[in-house]
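Student: Next comes run.csv, CSV, C-alpha atoms:
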chain,number,residue,atom,x,y,z
J,2,MET,CA,0.0,0.0,0.0
J,3,MET,CA,1.1,3.6,-0.6
J,4,SER,CA,2.3,5.9,2.1
J,5,ALA,CA,1.0,9.4,2.4
J,6,ASP,CA,4.5,10.7,1.6
J,7,SER,CA,4.5,9.1,-1.9
J,8,LEU,CA,1.3,10.9,-3.0
J,9,PRO,CA,1.6,14.3,-4.4
J,10,SER,CA,0.2,16.9,-2.1
J,11,ALA,CA,-3.1,18.7,-3.0
J,12,GLY,CA,-1.2,21.9,-3.4
J,13,SER,CA,1.7,20.7,-5.5
J,14,ALA,CA,2.1,22.0,-9.0
J,15,ALA,CA,2.3,18.5,-10.5
J,16,SER,CA,-1.1,17.5,-9.2
J,17,PHE,CA,-2.9,20.5,-10.7
J,18,GLU,CA,-0.9,21.4,-13.8
J,19,ASN,CA,-0.8,17.9,-15.3
J,20,PRO,CA,-3.1,15.5,-13.5
J,21,LYS,CA,-2.6,12.7,-16.1
J,22,GLN,CA,1.1,12.6,-15.5
J,23,ALA,CA,0.6,12.5,-11.7
J,24,TRP,CA,-1.9,9.7,-12.2
J,25,ASP,CA,0.4,7.7,-14.5
J,26,GLN,CA,3.2,8.0,-11.9
J,27,SER,CA,1.2,7.0,-8.9
J,28,PRO,CA,1.6,3.4,-7.6
J,29,VAL,CA,-2.1,3.1,-7.3
J,30,GLN,CA,-2.4,3.3,-11.1
J,31,VAL,CA,0.2,0.5,-11.6
J,32,ASP,CA,-1.9,-1.8,-9.4
J,33,HIS,CA,-5.0,-1.0,-11.4
J,34,LYS,CA,-3.1,-1.7,-14.7
J,35,ASP,CA,-2.2,-5.1,-13.4
J,36,LYS,CA,-5.7,-5.8,-12.4
J,37,LEU,CA,-7.0,-4.6,-15.7
J,38,ALA,CA,-4.6,-6.8,-17.5
J,39,ASP,CA,-5.8,-9.8,-15.5
J,40,ILE,CA,-9.4,-9.0,-16.2
J,41,ALA,CA,-8.7,-8.6,-20.0
J,42,GLU,CA,-6.9,-12.0,-20.0
J,43,LYS,CA,-9.8,-13.7,-18.2
J,44,SER,CA,-12.3,-12.1,-20.6
J,45,ALA,CA,-10.3,-13.4,-23.5
J,46,ASP,CA,-10.6,-16.9,-22.0
J,47,VAL,CA,-14.4,-16.4,-21.6
J,48,ASP,CA,-14.6,-15.3,-25.3
J,49,LYS,CA,-12.8,-18.5,-26.3
J,50,VAL,CA,-15.3,-20.6,-24.3
J,51,GLU,CA,-18.2,-18.7,-25.7
J,52,ASN,CA,-16.9,-19.1,-29.3
J,53,ALA,CA,-16.5,-22.9,-28.7
J,54,ARG,CA,-20.1,-23.1,-27.5
J,55,LYS,CA,-21.2,-21.6,-30.8
J,56,LEU,CA,-19.5,-24.2,-32.9
J,57,PRO,CA,-21.7,-26.9,-34.5
J,58,VAL,CA,-21.8,-30.2,-32.6
J,59,ALA,CA,-20.4,-32.0,-35.6
J,60,THR,CA,-17.3,-29.8,-35.7
J,61,THR,CA,-16.8,-30.2,-32.0
J,62,LEU,CA,-17.1,-34.0,-32.3
J,63,LYS,CA,-14.8,-34.1,-35.3
J,64,ASN,CA,-12.2,-32.2,-33.4
J,65,ALA,CA,-12.6,-34.4,-30.4
J,66,ARG,CA,-12.4,-37.5,-32.6
J,67,SER,CA,-9.2,-36.3,-34.3
J,68,PHE,CA,-7.7,-35.6,-30.9
J,69,LEU,CA,-8.7,-39.0,-29.5
J,70,VAL,CA,-7.5,-40.8,-32.7
J,71,GLY,CA,-4.0,-39.5,-32.1
J,72,GLY,CA,-3.5,-35.9,-33.0
J,73,GLY,CA,-5.4,-35.9,-36.3
J,74,LEU,CA,-4.4,-39.2,-37.8
J,75,VAL,CA,-6.9,-40.1,-40.5
J,76,PRO,CA,-7.9,-43.8,-40.2
J,77,LYS,CA,-7.4,-46.0,-43.2
J,78,TRP,CA,-9.0,-49.3,-44.1
J,79,GLN,CA,-7.2,-52.4,-45.3
J,80,TRP,CA,-8.3,-55.8,-46.7
J,81,GLU,CA,-6.4,-59.0,-46.3
J,82,HIS,CA,-4.6,-60.5,-49.3
J,83,ARG,CA,-2.7,-63.8,-49.4
J,84,THR,CA,0.5,-61.8,-48.8
J,85,GLY,CA,-0.8,-59.6,-46.1
J,86,PHE,CA,-3.0,-56.6,-45.7
J,87,ARG,CA,-3.4,-54.0,-48.5
J,88,ASP,CA,-4.8,-50.5,-48.4
J,89,TYR,CA,-8.1,-49.6,-50.0
J,90,SER,CA,-7.9,-46.6,-52.2
J,91,LYS,CA,-8.2,-43.2,-50.4
J,92,GLU,CA,-11.8,-42.7,-51.8
J,93,GLU,CA,-12.9,-46.2,-50.8
J,94,SER,CA,-11.2,-45.9,-47.4
J,95,ASP,CA,-12.9,-42.5,-46.7
J,96,ARG,CA,-16.3,-43.9,-47.8
J,97,ILE,CA,-15.9,-46.9,-45.5
J,98,GLU,CA,-14.8,-44.7,-42.6
J,99,SER,CA,-17.8,-42.4,-43.1
J,100,HIS,CA,-20.2,-45.3,-43.0
J,101,PHE,CA,-18.4,-46.8,-40.0
J,102,GLN,CA,-18.8,-43.5,-38.1
J,103,ILE,CA,-22.5,-43.2,-39.0
J,104,GLY,CA,-23.1,-46.5,-37.2
J,105,VAL,CA,-24.3,-48.8,-40.1
J,106,TRP,CA,-23.5,-52.5,-39.8
J,107,MET,CA,-23.2,-53.2,-43.6
J,108,MET,CA,-22.4,-51.1,-46.6
J,109,ARG,CA,-22.0,-51.8,-50.3
J,110,LEU,CA,-18.9,-50.8,-52.2
J,111,LYS,CA,-17.7,-51.1,-55.8
J,112,SER,CA,-14.1,-51.7,-56.2
J,113,GLY,CA,-12.4,-51.1,-59.6
J,114,LYS,CA,-13.5,-48.8,-62.4
J,115,GLY,CA,-15.9,-48.9,-65.3
J,116,LYS,CA,-17.1,-52.3,-66.5
J,117,THR,CA,-14.5,-54.1,-64.3
J,118,ALA,CA,-16.0,-52.7,-61.1
J,119,LYS,CA,-17.1,-55.5,-58.8
J,120,PRO,CA,-19.7,-55.1,-56.1
J,121,ARG,CA,-18.5,-55.8,-52.5
J,122,GLU,CA,-20.3,-55.8,-49.2
J,123,VAL,CA,-18.5,-54.7,-46.0
J,124,TYR,CA,-19.8,-56.0,-42.7
J,125,PHE,CA,-18.5,-54.0,-39.7
J,126,TYR,CA,-19.6,-56.5,-37.0
J,127,ASP,CA,-17.7,-59.4,-38.6
J,128,MET,CA,-15.0,-57.1,-40.1
J,129,VAL,CA,-15.2,-58.9,-43.5
J,130,GLN,CA,-15.5,-57.9,-47.1
J,131,TYR,CA,-17.8,-60.2,-49.0
J,132,ASP,CA,-17.9,-60.6,-52.8
J,133,PRO,CA,-21.4,-61.7,-53.8
J,134,THR,CA,-20.4,-62.9,-57.3
J,135,SER,CA,-17.5,-65.1,-56.2
J,136,LYS,CA,-18.8,-65.8,-52.7
J,137,SER,CA,-15.4,-65.0,-51.2
J,138,GLU,CA,-14.8,-63.3,-47.9
J,139,ARG,CA,-11.7,-61.3,-46.9
J,140,ASN,CA,-10.9,-59.9,-43.5
J,141,ILE,CA,-10.7,-56.1,-43.2
J,142,ARG,CA,-9.3,-53.9,-40.5
J,143,ARG,CA,-9.1,-50.2,-39.5
J,144,VAL,CA,-5.7,-48.6,-38.9
J,145,PRO,CA,-5.4,-47.4,-36.2
J,146,ALA,CA,-8.0,-49.5,-34.4
J,147,GLU,CA,-10.8,-47.5,-32.9
J,148,THR,CA,-10.3,-46.0,-29.4
J,149,ARG,CA,-12.7,-46.8,-26.5
J,150,TRP,CA,-14.3,-43.3,-27.0
J,151,GLU,CA,-14.8,-43.9,-30.7
J,152,ARG,CA,-16.4,-47.3,-29.9
J,153,ILE,CA,-18.8,-45.6,-27.5
J,154,LEU,CA,-19.7,-42.9,-30.1
J,155,ARG,CA,-20.2,-45.6,-32.8
J,156,GLY,CA,-22.5,-47.6,-30.5
J,157,ILE,CA,-24.6,-44.6,-29.8
J,158,ASN,CA,-24.8,-43.7,-33.5
J,159,SER,CA,-25.8,-47.3,-34.4
J,160,TYR,CA,-28.5,-47.5,-31.7
J,161,TRP,CA,-29.9,-44.2,-32.9
J,162,LEU,CA,-29.8,-45.1,-36.6
J,163,GLY,CA,-31.5,-48.5,-36.0
J,164,PHE,CA,-34.1,-46.9,-33.7
J,165,SER,CA,-34.9,-44.1,-36.1
J,166,LYS,CA,-35.2,-46.5,-39.1
J,167,GLY,CA,-37.6,-48.7,-37.1
J,168,GLU,CA,-35.3,-51.8,-37.4
J,169,ASP,CA,-36.2,-54.8,-35.4
J,170,ARG,CA,-33.7,-55.5,-32.7
J,171,TRP,CA,-32.2,-52.0,-33.2
J,172,TRP,CA,-30.2,-52.4,-30.0
J,173,ALA,CA,-28.3,-55.5,-31.2
J,174,PRO,CA,-25.3,-55.5,-33.6
J,175,LYS,CA,-26.1,-56.9,-37.0
J,176,SER,CA,-23.7,-59.6,-38.3
J,177,LYS,CA,-23.4,-60.9,-41.9
J,178,ARG,CA,-25.6,-63.9,-40.9
J,179,TYR,CA,-28.3,-61.4,-39.9
J,180,PHE,CA,-28.3,-59.9,-43.4
J,181,ASP,CA,-28.1,-63.3,-45.1
J,182,ASP,CA,-31.2,-64.3,-43.1
J,183,GLN,CA,-33.0,-61.1,-44.2
J,184,ARG,CA,-32.2,-61.8,-47.8
J,185,GLU,CA,-33.4,-65.4,-47.6
J,186,GLY,CA,-36.6,-64.3,-45.8
J,187,ARG,CA,-35.7,-66.0,-42.5
J,188,ASP,CA,-36.3,-64.4,-39.2
J,189,HIS,CA,-33.0,-63.7,-37.4
J,190,MET,CA,-32.5,-65.7,-34.3
J,191,ASP,CA,-30.1,-65.1,-31.5
J,192,GLU,CA,-26.9,-67.2,-31.6
J,193,ASP,CA,-28.1,-69.0,-28.4
J,194,GLU,CA,-31.4,-69.9,-30.0
J,195,ARG,CA,-29.7,-71.1,-33.2
J,196,LEU,CA,-27.2,-73.3,-31.2
J,197,SER,CA,-30.0,-74.7,-29.1
J,198,GLN,CA,-31.9,-75.9,-32.2
J,199,MET,CA,-28.8,-77.8,-33.5
What does this structure look like when you write it as structure tokens?

Tutor:
Amino acid sequence: MMSADSLPSAGSAASFENPKQAWDQSPVQVDHKDKLADIAEKSADVDKVENARKLPVATTLKNARSFLVGGGLVPKWQWEHRTGFRDYSKEESDRIESHFQIGVWMMRLKSGKGKTAKPREVYFYDMVQYDPTSKSERNIRRVPAETRWERILRGINSYWLGFSKGEDRWWAPKSKRYFDDQREGRDHMDEDERLSQM
């Protein structure tokens, strides 16, 4: 705190001729400048929070997802060949990833170009790629593997998608066998029910 000696006296020339200079030199003003700087800094933090609240949810989730994946790594998808795993093309990988994030359990994909393009079905529960013409299956994988947080988000998305479409058993994951049963007109049974009938 200031002592009475450090303040200009009421009758001094400095206090009356140039009050701004006297104010700038006073220790009281220095303390206020520090407080004003702290207040400005805190208000800037509040502005950042307010601006973050105004961002669309999708943008916030995307930023959170890229942080959780590992600093913005874009996941890629691979299929298993005799000699090991091979990458899908960037377009195919991005398409598979977008369907994966939405929460679907199966998607259709054409690999190749023009007349040589072959239909493929990707099943996310079984993590296989199925070729309906040759009836062959290949394992697929996501690199990097999904984090626990991504698994939770995908589960919520898949539940919501199934519920909003009015799917039967919207709460349960759908395997390739489920979709095969649907195509053949059979009702899908739980694995336990299927095993008990054998």

Student: What does the distance between atom CA of J:Trp150 and atom CA of J:Ser90 come to in Å, to one decimal place?

Tutor: 26.2 Å

Student: When you draw a straight line from atom CA of J:Asp182 to atom CA of J:Ile103, how long is it in Å?

Tutor: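 Between these atoms lies a distance of 23.2 Å.
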
Student: Within 12 Å of (-15.5, -61.3, -49.8) in the file's own coordinates, which protein, DNA or RNA residues have an atom, counting all atoms listed in the file? List them as a PyMOL selection string.

Tutor: chain J and resi 80-82+109-110+112+119-124+127-141+177

Student: Show which residues sit within 9 Å of J:Tyr160, as a PyMOL selection string. Count only C-alpha atoms, and ignore same-chain residues fewer than 6 positions away.

Tutor: chain J and resi 104+171-174

Student: Please, what distance in Å, to one decimal, runs between atom CA of J:Phe180 and atom CA of J:Val75?

Tutor: 29.3 Å

Student: As an NGL selection string, please: the residues near J:Trp78 (cut-off 12 Å, only C-alpha atoms, same-chain neighbours under 3 positions excluded).

Tutor: :J and (75 or 81 or 86-101 or 123 or 125 or 128-130 or 140-147)

Student: Name the closest residue to J:Glu168 among the candidates J:Val105, J:Gly115, J:Gln79, J:Thr84; distances are taken between atoms, counting only C-alpha atoms.

Tutor: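 Result for the nearest residue to J:Glu168: J:Val105.
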
Student: So, with only C-alpha atoms as the atoms that count, which of J:Gly163, J:Ala118, J:Thr148, J:Gly113 lies closest to J:Lys175?

Tutor: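 Checking each candidate against J:Lys175, we get J:Gly163 as the closest.
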
Student: Export stretch 92-132 of chain J of the preceding structure, keeping N, CA and C atoms, as a short mmCIF file (atom, residue, chain, number, x, y, z; two decimals), in the first residue's frame.

Tutor:
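The resulting file, out05.cif, is shown below:
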data_model
loop_
_atom_site.label_atom_id
_atom_site.label_comp_id
_atom_site.auth_asym_id
_atom_site.auth_seq_id
_atom_site.Cartn_x
_atom_site.Cartn_y
_atom_site.Cartn_z
N GLU J 92 -10.32 -42.95 -51.68
CA GLU J 92 -11.77 -42.70 -51.81
C GLU J 92 -12.56 -43.82 -51.14
N GLU J 93 -12.16 -45.07 -51.39
CA GLU J 93 -12.87 -46.20 -50.78
C GLU J 93 -12.71 -46.18 -49.26
N SER J 94 -11.50 -45.91 -48.80
CA SER J 94 -11.23 -45.88 -47.37
C SER J 94 -12.04 -44.78 -46.68
N ASP J 95 -12.09 -43.60 -47.31
CA ASP J 95 -12.87 -42.50 -46.74
C ASP J 95 -14.35 -42.85 -46.70
N ARG J 96 -14.84 -43.50 -47.73
CA ARG J 96 -16.26 -43.89 -47.77
C ARG J 96 -16.57 -44.93 -46.70
N ILE J 97 -15.68 -45.90 -46.55
CA ILE J 97 -15.88 -46.93 -45.52
C ILE J 97 -15.87 -46.28 -44.14
N GLU J 98 -14.93 -45.36 -43.91
CA GLU J 98 -14.83 -44.70 -42.61
C GLU J 98 -16.08 -43.88 -42.31
N SER J 99 -16.61 -43.18 -43.32
CA SER J 99 -17.81 -42.38 -43.06
C SER J 99 -19.00 -43.27 -42.70
N HIS J 100 -19.15 -44.41 -43.37
CA HIS J 100 -20.23 -45.34 -43.02
C HIS J 100 -20.00 -45.94 -41.63
N PHE J 101 -18.76 -46.22 -41.33
CA PHE J 101 -18.41 -46.77 -40.02
C PHE J 101 -18.80 -45.80 -38.92
N GLN J 102 -18.48 -44.51 -39.11
CA GLN J 102 -18.78 -43.50 -38.11
C GLN J 102 -20.28 -43.26 -37.96
N ILE J 103 -21.02 -43.39 -39.04
CA ILE J 103 -22.47 -43.19 -38.99
C ILE J 103 -23.12 -44.24 -38.09
N GLY J 104 -22.56 -45.45 -38.10
CA GLY J 104 -23.09 -46.51 -37.24
C GLY J 104 -23.79 -47.63 -37.99
N VAL J 105 -23.63 -47.70 -39.32
CA VAL J 105 -24.26 -48.79 -40.06
C VAL J 105 -23.48 -50.08 -39.81
N TRP J 106 -24.14 -51.21 -40.03
CA TRP J 106 -23.49 -52.51 -39.83
C TRP J 106 -23.06 -53.14 -41.14
N MET J 107 -23.60 -52.65 -42.26
CA MET J 107 -23.23 -53.18 -43.56
C MET J 107 -23.29 -52.06 -44.58
N MET J 108 -22.35 -52.08 -45.54
CA MET J 108 -22.38 -51.12 -46.63
C MET J 108 -21.97 -51.82 -47.92
N ARG J 109 -22.41 -51.27 -49.03
CA ARG J 109 -22.03 -51.80 -50.34
C ARG J 109 -20.98 -50.89 -50.95
N LEU J 110 -20.07 -51.52 -51.67
CA LEU J 110 -18.93 -50.80 -52.21
C LEU J 110 -18.57 -51.42 -53.55
N LYS J 111 -18.23 -50.59 -54.51
CA LYS J 111 -17.73 -51.12 -55.78
C LYS J 111 -16.25 -50.86 -55.85
N SER J 112 -15.50 -51.91 -56.10
CA SER J 112 -14.06 -51.74 -56.25
C SER J 112 -13.69 -51.92 -57.71
N GLY J 113 -12.80 -51.12 -58.18
CA GLY J 113 -12.44 -51.12 -59.58
C GLY J 113 -13.13 -49.98 -60.30
N LYS J 114 -12.90 -49.90 -61.61
CA LYS J 114 -13.48 -48.80 -62.39
C LYS J 114 -14.20 -49.35 -63.61
N GLY J 115 -15.21 -48.59 -64.03
CA GLY J 115 -15.93 -48.91 -65.26
C GLY J 115 -16.59 -50.26 -65.24
N LYS J 116 -16.44 -51.01 -66.35
CA LYS J 116 -17.09 -52.32 -66.48
C LYS J 116 -16.44 -53.39 -65.60
N THR J 117 -15.22 -53.13 -65.17
CA THR J 117 -14.54 -54.12 -64.33
C THR J 117 -14.85 -53.94 -62.85
N ALA J 118 -15.65 -52.92 -62.52
CA ALA J 118 -16.00 -52.68 -61.11
C ALA J 118 -16.80 -53.84 -60.56
N LYS J 119 -16.39 -54.31 -59.40
CA LYS J 119 -17.06 -55.47 -58.78
C LYS J 119 -17.75 -55.01 -57.50
N PRO J 120 -18.97 -55.50 -57.29
CA PRO J 120 -19.66 -55.14 -56.05
C PRO J 120 -19.05 -55.87 -54.86
N ARG J 121 -18.97 -55.18 -53.77
CA ARG J 121 -18.48 -55.76 -52.51
C ARG J 121 -19.43 -55.33 -51.40
N GLU J 122 -19.51 -56.15 -50.39
CA GLU J 122 -20.29 -55.80 -49.20
C GLU J 122 -19.33 -55.82 -48.02
N VAL J 123 -19.39 -54.77 -47.21
CA VAL J 123 -18.52 -54.66 -46.04
C VAL J 123 -19.39 -54.80 -44.81
N TYR J 124 -19.03 -55.76 -43.95
CA TYR J 124 -19.76 -56.01 -42.71
C TYR J 124 -18.88 -55.60 -41.54
N PHE J 125 -19.35 -54.61 -40.78
CA PHE J 125 -18.53 -54.04 -39.72
C PHE J 125 -18.52 -54.89 -38.45
N TYR J 126 -19.58 -55.65 -38.21
CA TYR J 126 -19.59 -56.50 -37.01
C TYR J 126 -18.58 -57.64 -37.18
N ASP J 127 -18.60 -58.27 -38.35
CA ASP J 127 -17.70 -59.39 -38.62
C ASP J 127 -16.33 -58.94 -39.11
N MET J 128 -16.25 -57.66 -39.53
CA MET J 128 -15.03 -57.10 -40.11
C MET J 128 -14.55 -57.95 -41.29
N VAL J 129 -15.49 -58.15 -42.23
CA VAL J 129 -15.17 -58.87 -43.47
C VAL J 129 -15.70 -58.10 -44.67
N GLN J 130 -15.05 -58.35 -45.80
CA GLN J 130 -15.52 -57.87 -47.09
C GLN J 130 -16.02 -59.10 -47.85
N TYR J 131 -17.20 -59.03 -48.38
CA TYR J 131 -17.82 -60.18 -49.05
C TYR J 131 -18.06 -59.83 -50.50
N ASP J 132 -17.68 -60.75 -51.39
CA ASP J 132 -17.91 -60.58 -52.82
C ASP J 132 -19.10 -61.48 -53.20
#
